[in-house]
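Visitor: This one is final-v5.cif, mmCIF, C-alpha atoms and all ligand atoms.
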```cif
data_model
#
loop_
_atom_site.group_PDB
_atom_site.id
_atom_site.type_symbol
_atom_site.label_atom_id
_atom_site.label_comp_id
_atom_site.auth_asym_id
_atom_site.auth_seq_id
_atom_site.Cartn_x
_atom_site.Cartn_y
_atom_site.Cartn_z
ATOM 1 C CA MET A 1 -21.408 -26.837 11.502
ATOM 2 C CA GLY A 2 -23.424 -24.341 9.446
ATOM 3 C CA HIS A 3 -22.106 -22.218 6.625
ATOM 4 C CA GLN A 4 -19.260 -20.046 7.892
ATOM 5 C CA ILE A 5 -19.232 -16.488 6.671
ATOM 6 C CA THR A 6 -16.540 -13.821 6.259
ATOM 7 C CA ILE A 7 -16.703 -10.774 8.524
ATOM 8 C CA THR A 8 -14.570 -7.681 7.929
ATOM 9 C CA ILE A 9 -13.635 -4.857 10.300
ATOM 10 C CA ASP A 10 -12.008 -1.711 8.921
ATOM 11 C CA GLY A 11 -11.105 1.588 10.534
ATOM 12 C CA PRO A 12 -8.251 3.879 11.556
ATOM 13 C CA ALA A 13 -5.420 3.091 13.979
ATOM 14 C CA GLY A 14 -6.302 2.665 17.647
ATOM 15 C CA VAL A 15 -10.042 2.324 17.117
ATOM 16 C CA GLY A 16 -10.383 -1.135 18.715
ATOM 17 C CA LYS A 17 -10.439 -3.376 15.629
ATOM 18 C CA SER A 18 -8.268 -6.117 17.099
ATOM 19 C CA THR A 19 -10.140 -6.180 20.422
ATOM 20 C CA LEU A 20 -13.439 -6.486 18.559
ATOM 21 C CA GLY A 21 -11.997 -8.967 16.055
ATOM 22 C CA ARG A 22 -10.809 -11.328 18.778
ATOM 23 C CA ARG A 23 -14.060 -11.086 20.705
ATOM 24 C CA LEU A 24 -16.165 -11.842 17.646
ATOM 25 C CA ALA A 25 -13.883 -14.704 16.607
ATOM 26 C CA GLN A 26 -14.125 -16.239 20.092
ATOM 27 C CA ALA A 27 -17.895 -15.841 20.274
ATOM 28 C CA LEU A 28 -18.377 -17.469 16.867
ATOM 29 C CA GLY A 29 -15.515 -20.006 16.961
ATOM 30 C CA TYR A 30 -13.999 -18.304 13.874
ATOM 31 C CA ARG A 31 -10.365 -17.490 13.066
ATOM 32 C CA TYR A 32 -9.113 -13.961 13.734
ATOM 33 C CA VAL A 33 -7.068 -12.511 10.850
ATOM 34 C CA ASP A 34 -4.912 -9.418 11.379
ATOM 35 C CA SER A 35 -3.979 -8.000 7.960
ATOM 36 C CA GLY A 36 -1.805 -5.274 9.517
ATOM 37 C CA ALA A 37 0.460 -8.024 10.869
ATOM 38 C CA LEU A 38 1.211 -9.075 7.279
ATOM 39 C CA TYR A 39 2.217 -5.515 6.281
ATOM 40 C CA ARG A 40 4.306 -5.470 9.444
ATOM 41 C CA ALA A 41 5.884 -8.816 8.530
ATOM 42 C CA VAL A 42 6.916 -7.405 5.132
ATOM 43 C CA ALA A 43 8.459 -4.394 6.911
ATOM 44 C CA TRP A 44 10.181 -6.704 9.426
ATOM 45 C CA GLN A 45 11.687 -8.767 6.627
ATOM 46 C CA ALA A 46 12.915 -5.639 4.793
ATOM 47 C CA GLN A 47 14.551 -4.449 7.980
ATOM 48 C CA ASN A 48 16.081 -7.864 8.542
ATOM 49 C CA ALA A 49 17.477 -7.933 5.014
ATOM 50 C CA ASP A 50 18.794 -4.368 5.422
ATOM 51 C CA LEU A 51 16.578 -3.045 2.626
ATOM 52 C CA ASP A 52 15.063 0.396 2.333
ATOM 53 C CA PRO A 53 11.323 -0.170 3.013
ATOM 54 C CA ALA A 54 10.564 2.822 0.757
ATOM 55 C CA ASP A 55 12.217 1.175 -2.281
ATOM 56 C CA PRO A 56 9.361 -0.648 -4.100
ATOM 57 C CA ASP A 57 11.641 -2.624 -6.449
ATOM 58 C CA ALA A 58 13.858 -3.927 -3.656
ATOM 59 C CA VAL A 59 10.820 -4.851 -1.541
ATOM 60 C CA ALA A 60 9.114 -6.589 -4.495
ATOM 61 C CA ARG A 61 12.265 -8.652 -5.197
ATOM 62 C CA MET A 62 12.397 -9.617 -1.542
ATOM 63 C CA LEU A 63 8.753 -10.770 -1.615
ATOM 64 C CA ALA A 64 9.464 -13.259 -4.393
ATOM 65 C CA ASP A 65 10.885 -15.618 -1.801
ATOM 66 C CA PHE A 66 9.396 -14.434 1.452
ATOM 67 C CA GLN A 67 7.121 -17.157 2.786
ATOM 68 C CA PRO A 68 6.087 -16.454 6.356
ATOM 69 C CA ARG A 69 3.937 -19.038 8.108
ATOM 70 C CA VAL A 70 0.826 -17.810 9.815
ATOM 71 C CA HIS A 71 -1.293 -19.431 12.432
ATOM 72 C CA ALA A 72 -4.785 -17.996 12.895
ATOM 73 C CA ASN A 73 -7.253 -19.119 15.541
ATOM 74 C CA SER A 74 -9.972 -17.445 17.589
ATOM 75 C CA ARG A 75 -7.478 -16.017 20.100
ATOM 76 C CA GLY A 76 -4.807 -14.569 17.904
ATOM 77 C CA PHE A 77 -2.853 -14.290 14.702
ATOM 78 C CA HIS A 78 0.755 -15.477 14.833
ATOM 79 C CA VAL A 79 3.456 -14.999 12.243
ATOM 80 C CA ALA A 80 6.665 -17.005 11.921
ATOM 81 C CA ALA A 81 9.579 -16.345 9.575
ATOM 82 C CA GLY A 82 13.032 -17.838 9.304
ATOM 83 C CA GLY A 83 11.918 -20.725 11.507
ATOM 84 C CA ARG A 84 10.804 -18.713 14.533
ATOM 85 C CA GLU A 85 7.826 -16.742 15.788
ATOM 86 C CA ILE A 86 8.210 -13.012 15.063
ATOM 87 C CA THR A 87 4.782 -11.724 16.222
ATOM 88 C CA PRO A 88 6.097 -9.688 19.214
ATOM 89 C CA GLU A 89 8.774 -8.050 17.033
ATOM 90 C CA LEU A 90 6.134 -6.746 14.625
ATOM 91 C CA ARG A 91 5.054 -3.973 16.989
ATOM 92 C CA THR A 92 8.321 -2.079 17.477
ATOM 93 C CA PRO A 93 8.235 1.635 16.491
ATOM 94 C CA ALA A 94 10.673 0.994 13.594
ATOM 95 C CA VAL A 95 8.551 -1.809 12.128
ATOM 96 C CA THR A 96 5.373 0.244 12.674
ATOM 97 C CA GLN A 97 6.828 3.148 10.693
ATOM 98 C CA ALA A 98 8.215 0.967 7.931
ATOM 99 C CA SER A 99 4.888 -0.898 7.646
ATOM 100 C CA SER A 100 3.061 2.252 6.586
ATOM 101 C CA ARG A 101 5.764 2.804 3.908
ATOM 102 C CA VAL A 102 5.449 -0.694 2.429
ATOM 103 C CA ALA A 103 1.632 -0.502 2.622
ATOM 104 C CA THR A 104 1.643 2.220 -0.079
ATOM 105 C CA GLN A 105 3.283 -0.127 -2.622
ATOM 106 C CA PRO A 106 0.902 -1.889 -5.060
ATOM 107 C CA ARG A 107 3.014 -5.070 -5.298
ATOM 108 C CA VAL A 108 3.068 -5.396 -1.508
ATOM 109 C CA ARG A 109 -0.707 -4.926 -1.382
ATOM 110 C CA GLU A 110 -1.218 -7.603 -4.034
ATOM 111 C CA TRP A 111 1.015 -10.007 -2.114
ATOM 112 C CA VAL A 112 -0.839 -9.370 1.183
ATOM 113 C CA ASN A 113 -4.256 -9.614 -0.491
ATOM 114 C CA ARG A 114 -3.457 -12.978 -2.078
ATOM 115 C CA PHE A 115 -2.228 -14.231 1.273
ATOM 116 C CA LEU A 116 -5.445 -13.081 2.973
ATOM 117 C CA GLN A 117 -7.710 -14.545 0.297
ATOM 118 C CA THR A 118 -5.979 -17.910 0.658
ATOM 119 C CA ILE A 119 -6.413 -17.906 4.444
ATOM 120 C CA ALA A 120 -10.096 -17.011 4.133
ATOM 121 C CA ARG A 121 -10.895 -19.373 1.256
ATOM 122 C CA ASP A 122 -13.381 -21.415 3.297
ATOM 123 C CA GLY A 123 -14.884 -18.561 5.334
ATOM 124 C CA GLY A 124 -15.103 -18.679 9.120
ATOM 125 C CA VAL A 125 -12.875 -15.613 9.546
ATOM 126 C CA VAL A 126 -13.062 -12.230 11.186
ATOM 127 C CA ALA A 127 -10.527 -10.153 9.261
ATOM 128 C CA GLU A 128 -9.467 -6.653 10.239
ATOM 129 C CA GLY A 129 -7.533 -3.876 8.521
ATOM 130 C CA ARG A 130 -8.033 -0.818 6.339
ATOM 131 C CA ASP A 131 -9.382 -2.137 3.031
ATOM 132 C CA LEU A 132 -10.841 -5.543 3.853
ATOM 133 C CA GLY A 133 -14.499 -4.778 3.156
ATOM 134 C CA SER A 134 -13.688 -2.499 0.215
ATOM 135 C CA VAL A 135 -10.910 -4.301 -1.707
ATOM 136 C CA VAL A 136 -9.876 -7.674 -0.269
ATOM 137 C CA PHE A 137 -13.297 -9.166 0.556
ATOM 138 C CA PRO A 138 -15.852 -6.963 -1.256
ATOM 139 C CA ASN A 139 -18.386 -9.823 -1.012
ATOM 140 C CA ALA A 140 -17.990 -10.389 2.738
ATOM 141 C CA GLU A 141 -21.367 -11.210 4.283
ATOM 142 C CA VAL A 142 -20.978 -8.750 7.196
ATOM 143 C CA LYS A 143 -18.796 -5.618 7.197
ATOM 144 C CA PHE A 144 -18.063 -3.200 10.012
ATOM 145 C CA TYR A 145 -16.342 0.175 9.996
ATOM 146 C CA LEU A 146 -15.222 1.422 13.406
ATOM 147 C CA ASP A 147 -14.463 5.051 14.132
ATOM 148 C CA ALA A 148 -13.590 7.118 17.223
ATOM 149 C CA ASP A 149 -12.206 10.605 17.790
ATOM 150 C CA LEU A 150 -8.443 11.102 17.714
ATOM 151 C CA ALA A 151 -8.008 11.893 21.437
ATOM 152 C CA THR A 152 -9.873 8.716 22.428
ATOM 153 C CA ARG A 153 -7.834 6.534 20.076
ATOM 154 C CA ALA A 154 -4.567 8.078 21.312
ATOM 155 C CA SER A 155 -5.424 7.451 24.955
ATOM 156 C CA ARG A 156 -6.476 3.839 24.216
ATOM 157 C CA ARG A 157 -3.130 3.239 22.478
ATOM 158 C CA GLN A 158 -1.292 4.908 25.348
ATOM 159 C CA ARG A 159 -2.940 2.502 27.813
ATOM 160 C CA GLU A 160 -1.762 -0.441 25.675
ATOM 161 C CA TRP A 161 1.793 0.921 25.783
ATOM 162 C CA GLN A 162 1.585 1.448 29.531
ATOM 163 C CA ALA A 163 0.397 -2.125 30.005
ATOM 164 C CA GLY A 164 3.529 -3.207 28.105
ATOM 165 C CA GLY A 165 5.772 -1.089 30.364
ATOM 166 C CA GLY A 166 6.356 1.853 27.966
ATOM 167 C CA ASP A 167 4.807 5.286 27.628
ATOM 168 C CA PRO A 168 5.478 7.518 24.627
ATOM 169 C CA GLY A 169 3.245 10.294 26.128
ATOM 170 C CA LEU A 170 -0.210 11.324 24.990
ATOM 171 C CA ASP A 171 0.949 14.185 22.736
ATOM 172 C CA GLN A 172 3.393 11.938 20.902
ATOM 173 C CA MET A 173 0.737 9.231 20.548
ATOM 174 C CA GLN A 174 -1.739 11.751 19.114
ATOM 175 C CA THR A 175 0.818 13.104 16.643
ATOM 176 C CA ASP A 176 1.784 9.590 15.479
ATOM 177 C CA ILE A 177 -1.815 8.463 15.014
ATOM 178 C CA ALA A 178 -2.762 11.674 13.161
ATOM 179 C CA ALA A 179 0.199 11.116 10.793
ATOM 180 C CA ARG A 180 -0.841 7.505 10.147
ATOM 181 C CA ASP A 181 -4.490 8.558 9.586
ATOM 182 C CA HIS A 182 -3.308 11.046 6.980
ATOM 183 C CA GLN A 183 -1.089 8.448 5.302
ATOM 184 C CA ASP A 184 -3.826 5.752 5.314
ATOM 185 C CA LYS A 185 -6.616 8.032 4.042
ATOM 186 C CA THR A 186 -4.726 9.893 1.314
ATOM 187 C CA ARG A 187 -2.620 7.165 -0.292
ATOM 188 C CA ARG A 188 -3.386 6.274 -3.881
ATOM 189 C CA GLU A 189 -3.603 2.497 -3.306
ATOM 190 C CA ALA A 190 -6.656 1.255 -1.381
ATOM 191 C CA PRO A 191 -7.095 4.293 0.886
ATOM 192 C CA LEU A 192 -8.994 3.856 4.131
ATOM 193 C CA THR A 193 -12.688 4.383 3.407
ATOM 194 C CA VAL A 194 -16.055 3.154 4.674
ATOM 195 C CA PRO A 195 -16.801 0.061 2.522
ATOM 196 C CA GLN A 196 -20.095 -0.178 0.680
ATOM 197 C CA GLY A 197 -22.634 -2.003 2.837
ATOM 198 C CA ALA A 198 -20.596 -1.631 6.060
ATOM 199 C CA HIS A 199 -22.199 -1.031 9.454
ATOM 200 C CA TYR A 200 -20.626 2.201 10.758
ATOM 201 C CA LEU A 201 -20.019 2.365 14.521
ATOM 202 C CA ASP A 202 -18.610 5.338 16.393
ATOM 203 C CA THR A 203 -16.978 3.751 19.451
ATOM 204 C CA THR A 204 -15.834 7.005 21.141
ATOM 205 C CA LYS A 205 -18.296 6.614 24.006
ATOM 206 C CA LEU A 206 -18.620 2.829 23.982
ATOM 207 C CA GLN A 207 -16.886 0.152 26.049
ATOM 208 C CA PRO A 208 -15.425 -2.847 24.151
ATOM 209 C CA ASP A 209 -18.228 -5.074 25.514
ATOM 210 C CA GLU A 210 -20.897 -2.759 24.141
ATOM 211 C CA VAL A 211 -19.270 -2.675 20.699
ATOM 212 C CA ALA A 212 -19.006 -6.481 20.624
ATOM 213 C CA THR A 213 -22.636 -6.935 21.745
ATOM 214 C CA GLN A 214 -23.934 -4.610 19.024
ATOM 215 C CA CYS A 215 -21.827 -6.288 16.343
ATOM 216 C CA LEU A 216 -22.793 -9.810 17.423
ATOM 217 C CA ALA A 217 -26.471 -8.866 17.241
ATOM 218 C CA LEU A 218 -25.960 -7.654 13.656
ATOM 219 C CA ILE A 219 -24.059 -10.829 12.734
ATOM 220 C CA ARG A 220 -26.743 -13.076 14.246
ATOM 221 C CA GLU A 221 -29.387 -11.175 12.304
ATOM 222 C CA ASN A 222 -27.426 -11.901 9.118
ATOM 223 C CA LEU A 223 -26.875 -15.581 10.007
ATOM 224 C CA GLY A 224 -30.546 -15.961 10.968
ATOM 225 C CA ALA A 225 -31.658 -14.414 7.701
ATOM 226 C CA ARG A 226 -29.415 -16.877 5.844
ATOM 227 C CA ALA A 227 -30.723 -19.873 7.762
ATOM 228 C CA ILE A 228 -34.336 -19.050 6.955
ATOM 229 C CA GLY A 229 -33.473 -17.891 3.452
ATOM 230 C CA ILE A 230 -34.610 -14.234 3.576
HETATM 231 O O1 LIG B 301 -3.314 -2.121 11.743
HETATM 232 P P1 LIG B 301 -1.803 -1.996 11.857
HETATM 233 O O2 LIG B 301 -1.362 -0.789 12.657
HETATM 234 O O3 LIG B 301 -1.146 -3.226 12.368
HETATM 235 O O4 LIG B 301 -1.281 -1.779 10.363
HETATM 236 C C1 LIG B 301 0.074 -1.642 10.022
HETATM 237 C C2 LIG B 301 0.198 -0.782 8.754
HETATM 238 O O5 LIG B 301 -0.370 -1.469 7.642
HETATM 239 C C3 LIG B 301 -0.521 0.566 8.835
HETATM 240 O O6 LIG B 301 0.321 1.565 8.304
HETATM 241 C C4 LIG B 301 -1.726 0.435 7.952
HETATM 242 C C5 LIG B 301 -1.352 -0.648 6.992
HETATM 243 N N1 LIG B 301 -2.498 -1.496 6.639
HETATM 244 C C6 LIG B 301 -3.059 -1.313 5.406
HETATM 245 O O7 LIG B 301 -2.623 -0.444 4.650
HETATM 246 N N2 LIG B 301 -4.096 -2.093 5.011
HETATM 247 C C7 LIG B 301 -4.573 -3.039 5.831
HETATM 248 N N3 LIG B 301 -5.596 -3.802 5.410
HETATM 249 C C8 LIG B 301 -4.021 -3.228 7.112
HETATM 250 C C9 LIG B 301 -2.977 -2.431 7.503
#
```
Could you write out this structure as C-alpha cells?
Guide:
Amino acid sequence: MGHQITITIDGPAGVGKSTLGRRLAQALGYRYVDSGALYRAVAWQAQNADLDPADPDAVARMLADFQPRVHANSRGFHVAAGGREITPELRTPAVTQASSRVATQPRVREWVNRFLQTIARDGGVVAEGRDLGSVVFPNAEVKFYLDADLATRASRRQREWQAGGGDPGLDQMQTDIAARDHQDKTRREAPLTVPQGAHYLDTTKLQPDEVATQCLALIRENLGARAIGI
C-alpha cells in the first residue's frame, strides 16, 4: 500500500460533510473520522453525569476520566462509552444543543484534538468537522471546505429527519442551523473558517455524486503528484 495521506473536510452544519467523508473513505479504503461525534460524546457524558454542559470546570473534571472507545472504518465512525455503543444517542436534540456549548470550551477542544491526532497518527483518514484543516491537521495533504446556502442545508437536514421518521419543519430547521452557524463562526476558540490551502466547493446546486467526483479528482491529482515527486 502506498503512503496514506490525511484529508480534511470542514464546513457549516448540513452541508454534506459526512456524506462526502464516507464516500471518499470508501473510494480510497481510508477511515472516516467524524470529529463532531466526539464533541457530541462529551455532551452525552455530561448529560449522563447530570452536569451542566455550560460549566467548563465541571466538564473538564469529567474529561479527566472519560475514555470512550471509537471504531473508525470506511463506512462509519462508532463511539462506545460505559461498555456500550452510544452512536445513535449522539444525535438527539438535547445532545446536539449541548454539543455546541461544550465545543466553545478550550479544554474540551484540546481533549478532542488530542483524540483526533492519535486516531490519525498514521494517515489514511478522511476527517470532517469545523477546524480540521485549520487547527487540528494544518499539514493535511488535501483540504476541502464545503459550503451551501442556508435554505438548501435546512432542506437536506429535514430530509434526513424525515428518513428517520421525524420532521421538525423547515422553518424550525432553518432557525436551528442559522443559530449554530452563528455560534460556530463567532466563537473565540477555533471558529469555523476556510482553512489555508483548502479547496472551496459550493455544493448548493450539486448532487452528492458530483461533489465526490470533483473531490476524488483533486485527491488523485495530489496522490499522482506525490508518486512522481512533483
Ligand atoms: O458536525 P456536528 O453537528 O456533529 O457537530 C457537533 C457540534 O460540535 C457542533 O456544535 C459543532 C461542533 N464541532 C466543532 O466545534 N468542531 C469540530 N471540528 C466539529 C464539530
Visitor: So what do you get for CA of Gln4 (chain A) versus CA of Asp209 (chain A), distance-wise?
Guide: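 Distance between the two atoms: 23.1 Å.
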Visitor: Can you write out as a Markdown table which residues of chain A fall within 10 Å of ligand LIG 301 (chain B), alongside each residue's closest atom pair and its distance in Å to one decimal, counting only C-alpha atoms and all ligand atoms and ordering rows by chain and ascending residue number?
Guide:
```
| residue | atom | partner | partner_atom | distance |
| --- | --- | --- | --- | --- |
| A:Ile9 | CA | B:LIG301 | N3 | 9.5 |
| A:Asp10 | CA | B:LIG301 | N3 | 7.6 |
| A:Gly11 | CA | B:LIG301 | O1 | 8.7 |
| A:Pro12 | CA | B:LIG301 | O1 | 7.8 |
| A:Ala13 | CA | B:LIG301 | O2 | 5.8 |
| A:Gly14 | CA | B:LIG301 | O2 | 7.8 |
| A:Val15 | CA | B:LIG301 | O1 | 9.7 |
| A:Gly16 | CA | B:LIG301 | O1 | 10.0 |
| A:Lys17 | CA | B:LIG301 | O1 | 8.2 |
| A:Ser18 | CA | B:LIG301 | O1 | 8.3 |
| A:Asp34 | CA | B:LIG301 | O3 | 7.3 |
| A:Ser35 | CA | B:LIG301 | C8 | 4.8 |
| A:Gly36 | CA | B:LIG301 | O3 | 3.6 |
| A:Ala37 | CA | B:LIG301 | O3 | 5.3 |
| A:Leu38 | CA | B:LIG301 | O5 | 7.8 |
| A:Tyr39 | CA | B:LIG301 | O5 | 5.0 |
| A:Arg40 | CA | B:LIG301 | C1 | 5.7 |
| A:Ala41 | CA | B:LIG301 | C1 | 9.4 |
| A:Val42 | CA | B:LIG301 | O5 | 9.7 |
| A:Ala43 | CA | B:LIG301 | C2 | 9.2 |
| A:Leu90 | CA | B:LIG301 | O3 | 8.4 |
| A:Arg91 | CA | B:LIG301 | O3 | 7.8 |
| A:Val95 | CA | B:LIG301 | C1 | 8.7 |
| A:Thr96 | CA | B:LIG301 | C1 | 6.2 |
| A:Gln97 | CA | B:LIG301 | O6 | 7.1 |
| A:Ala98 | CA | B:LIG301 | O6 | 7.9 |
| A:Ser99 | CA | B:LIG301 | C2 | 4.8 |
| A:Ser100 | CA | B:LIG301 | O6 | 3.3 |
| A:Arg101 | CA | B:LIG301 | O6 | 7.1 |
| A:Val102 | CA | B:LIG301 | O5 | 7.9 |
| A:Ala103 | CA | B:LIG301 | O7 | 4.7 |
| A:Thr104 | CA | B:LIG301 | O7 | 6.9 |
| A:Gln105 | CA | B:LIG301 | O7 | 9.4 |
| A:Val108 | CA | B:LIG301 | O7 | 9.7 |
| A:Arg109 | CA | B:LIG301 | O7 | 7.8 |
| A:Val112 | CA | B:LIG301 | N3 | 8.5 |
| A:Asn113 | CA | B:LIG301 | N3 | 8.4 |
| A:Leu116 | CA | B:LIG301 | N3 | 9.6 |
| A:Ala127 | CA | B:LIG301 | N3 | 8.9 |
| A:Glu128 | CA | B:LIG301 | N3 | 6.8 |
| A:Gly129 | CA | B:LIG301 | N3 | 3.7 |
| A:Arg130 | CA | B:LIG301 | N3 | 4.0 |
| A:Asp131 | CA | B:LIG301 | N3 | 4.8 |
| A:Leu132 | CA | B:LIG301 | N3 | 5.7 |
| A:Gly133 | CA | B:LIG301 | N3 | 9.2 |
| A:Ser134 | CA | B:LIG301 | N3 | 9.7 |
| A:Val135 | CA | B:LIG301 | N3 | 8.9 |
| A:Val136 | CA | B:LIG301 | N3 | 8.1 |
| A:Ile177 | CA | B:LIG301 | O2 | 9.6 |
| A:Ala179 | CA | B:LIG301 | O6 | 9.9 |
| A:Arg180 | CA | B:LIG301 | O6 | 6.3 |
| A:Asp181 | CA | B:LIG301 | O6 | 8.6 |
| A:Gln183 | CA | B:LIG301 | O6 | 7.6 |
| A:Asp184 | CA | B:LIG301 | C4 | 6.3 |
| A:Lys185 | CA | B:LIG301 | O7 | 9.4 |
| A:Arg187 | CA | B:LIG301 | O7 | 9.1 |
| A:Glu189 | CA | B:LIG301 | O7 | 8.5 |
| A:Ala190 | CA | B:LIG301 | O7 | 7.5 |
| A:Pro191 | CA | B:LIG301 | O7 | 7.5 |
| A:Leu192 | CA | B:LIG301 | O7 | 7.7 |
```
Visitor: For those residues, write C-alpha atoms to a file as a compact mmCIF listing (two decimals), keeping the file's coordinate frame.
Guide:
```txt
# COMPACT_ATOMS: atom_id res chain seq x y z
CA ILE A 9 -13.64 -4.86 10.30
CA ASP A 10 -12.01 -1.71 8.92
CA GLY A 11 -11.10 1.59 10.53
CA PRO A 12 -8.25 3.88 11.56
CA ALA A 13 -5.42 3.09 13.98
CA GLY A 14 -6.30 2.66 17.65
CA VAL A 15 -10.04 2.32 17.12
CA GLY A 16 -10.38 -1.14 18.72
CA LYS A 17 -10.44 -3.38 15.63
CA SER A 18 -8.27 -6.12 17.10
CA ASP A 34 -4.91 -9.42 11.38
CA SER A 35 -3.98 -8.00 7.96
CA GLY A 36 -1.80 -5.27 9.52
CA ALA A 37 0.46 -8.02 10.87
CA LEU A 38 1.21 -9.07 7.28
CA TYR A 39 2.22 -5.52 6.28
CA ARG A 40 4.31 -5.47 9.44
CA ALA A 41 5.88 -8.82 8.53
CA VAL A 42 6.92 -7.40 5.13
CA ALA A 43 8.46 -4.39 6.91
CA LEU A 90 6.13 -6.75 14.62
CA ARG A 91 5.05 -3.97 16.99
CA VAL A 95 8.55 -1.81 12.13
CA THR A 96 5.37 0.24 12.67
CA GLN A 97 6.83 3.15 10.69
CA ALA A 98 8.22 0.97 7.93
CA SER A 99 4.89 -0.90 7.65
CA SER A 100 3.06 2.25 6.59
CA ARG A 101 5.76 2.80 3.91
CA VAL A 102 5.45 -0.69 2.43
CA ALA A 103 1.63 -0.50 2.62
CA THR A 104 1.64 2.22 -0.08
CA GLN A 105 3.28 -0.13 -2.62
CA VAL A 108 3.07 -5.40 -1.51
CA ARG A 109 -0.71 -4.93 -1.38
CA VAL A 112 -0.84 -9.37 1.18
CA ASN A 113 -4.26 -9.61 -0.49
CA LEU A 116 -5.44 -13.08 2.97
CA ALA A 127 -10.53 -10.15 9.26
CA GLU A 128 -9.47 -6.65 10.24
CA GLY A 129 -7.53 -3.88 8.52
CA ARG A 130 -8.03 -0.82 6.34
CA ASP A 131 -9.38 -2.14 3.03
CA LEU A 132 -10.84 -5.54 3.85
CA GLY A 133 -14.50 -4.78 3.16
CA SER A 134 -13.69 -2.50 0.22
CA VAL A 135 -10.91 -4.30 -1.71
CA VAL A 136 -9.88 -7.67 -0.27
CA ILE A 177 -1.82 8.46 15.01
CA ALA A 179 0.20 11.12 10.79
CA ARG A 180 -0.84 7.50 10.15
CA ASP A 181 -4.49 8.56 9.59
CA GLN A 183 -1.09 8.45 5.30
CA ASP A 184 -3.83 5.75 5.31
CA LYS A 185 -6.62 8.03 4.04
CA ARG A 187 -2.62 7.16 -0.29
CA GLU A 189 -3.60 2.50 -3.31
CA ALA A 190 -6.66 1.25 -1.38
CA PRO A 191 -7.10 4.29 0.89
CA LEU A 192 -8.99 3.86 4.13
```
Visitor: Just want the 8 Å neighbourhood of region 118-126 of chain A, counted on only C-alpha atoms, with same-chain residues fewer than 6 positions away dropped. Output as a PyMOL selection string.
Guide: chain A and resi 4-9+21-22+24-25+29-33
Visitor: Measure the distance from CA of Val79 (chain A) to CA of Trp44 (chain A) in Å and round it to one decimal.
Guide: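 It comes out at 11.0 Å.
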Visitor: Residues at most 10 Å from Ser155 (chain A), counting only C-alpha atoms, excluding those fewer than 5 positions away in the same chain, as a CSV table (one decimal) with C-alpha atoms, in the frame of the given file?
Guide:
```
chain,number,residue,atom,x,y,z
A,14,GLY,CA,-6.3,2.7,17.6
A,150,LEU,CA,-8.4,11.1,17.7
A,160,GLU,CA,-1.8,-0.4,25.7
A,161,TRP,CA,1.8,0.9,25.8
A,169,GLY,CA,3.2,10.3,26.1
A,170,LEU,CA,-0.2,11.3,25.0
A,171,ASP,CA,0.9,14.2,22.7
A,173,MET,CA,0.7,9.2,20.5
A,174,GLN,CA,-1.7,11.8,19.1
```
Visitor: What is the distance, in Å and to one decimal place, between CA of Pro195 (chain A) and CA of Gly224 (chain A)?
Guide: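 Distance reported for this atom pair: 22.7 Å.
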Visitor: Of the residues A:Phe144, A:Phe137, A:Trp111, A:Tyr200, which is the one nearest to Met62 (chain A), using all atoms listed in the file?
Guide: A:Trp111
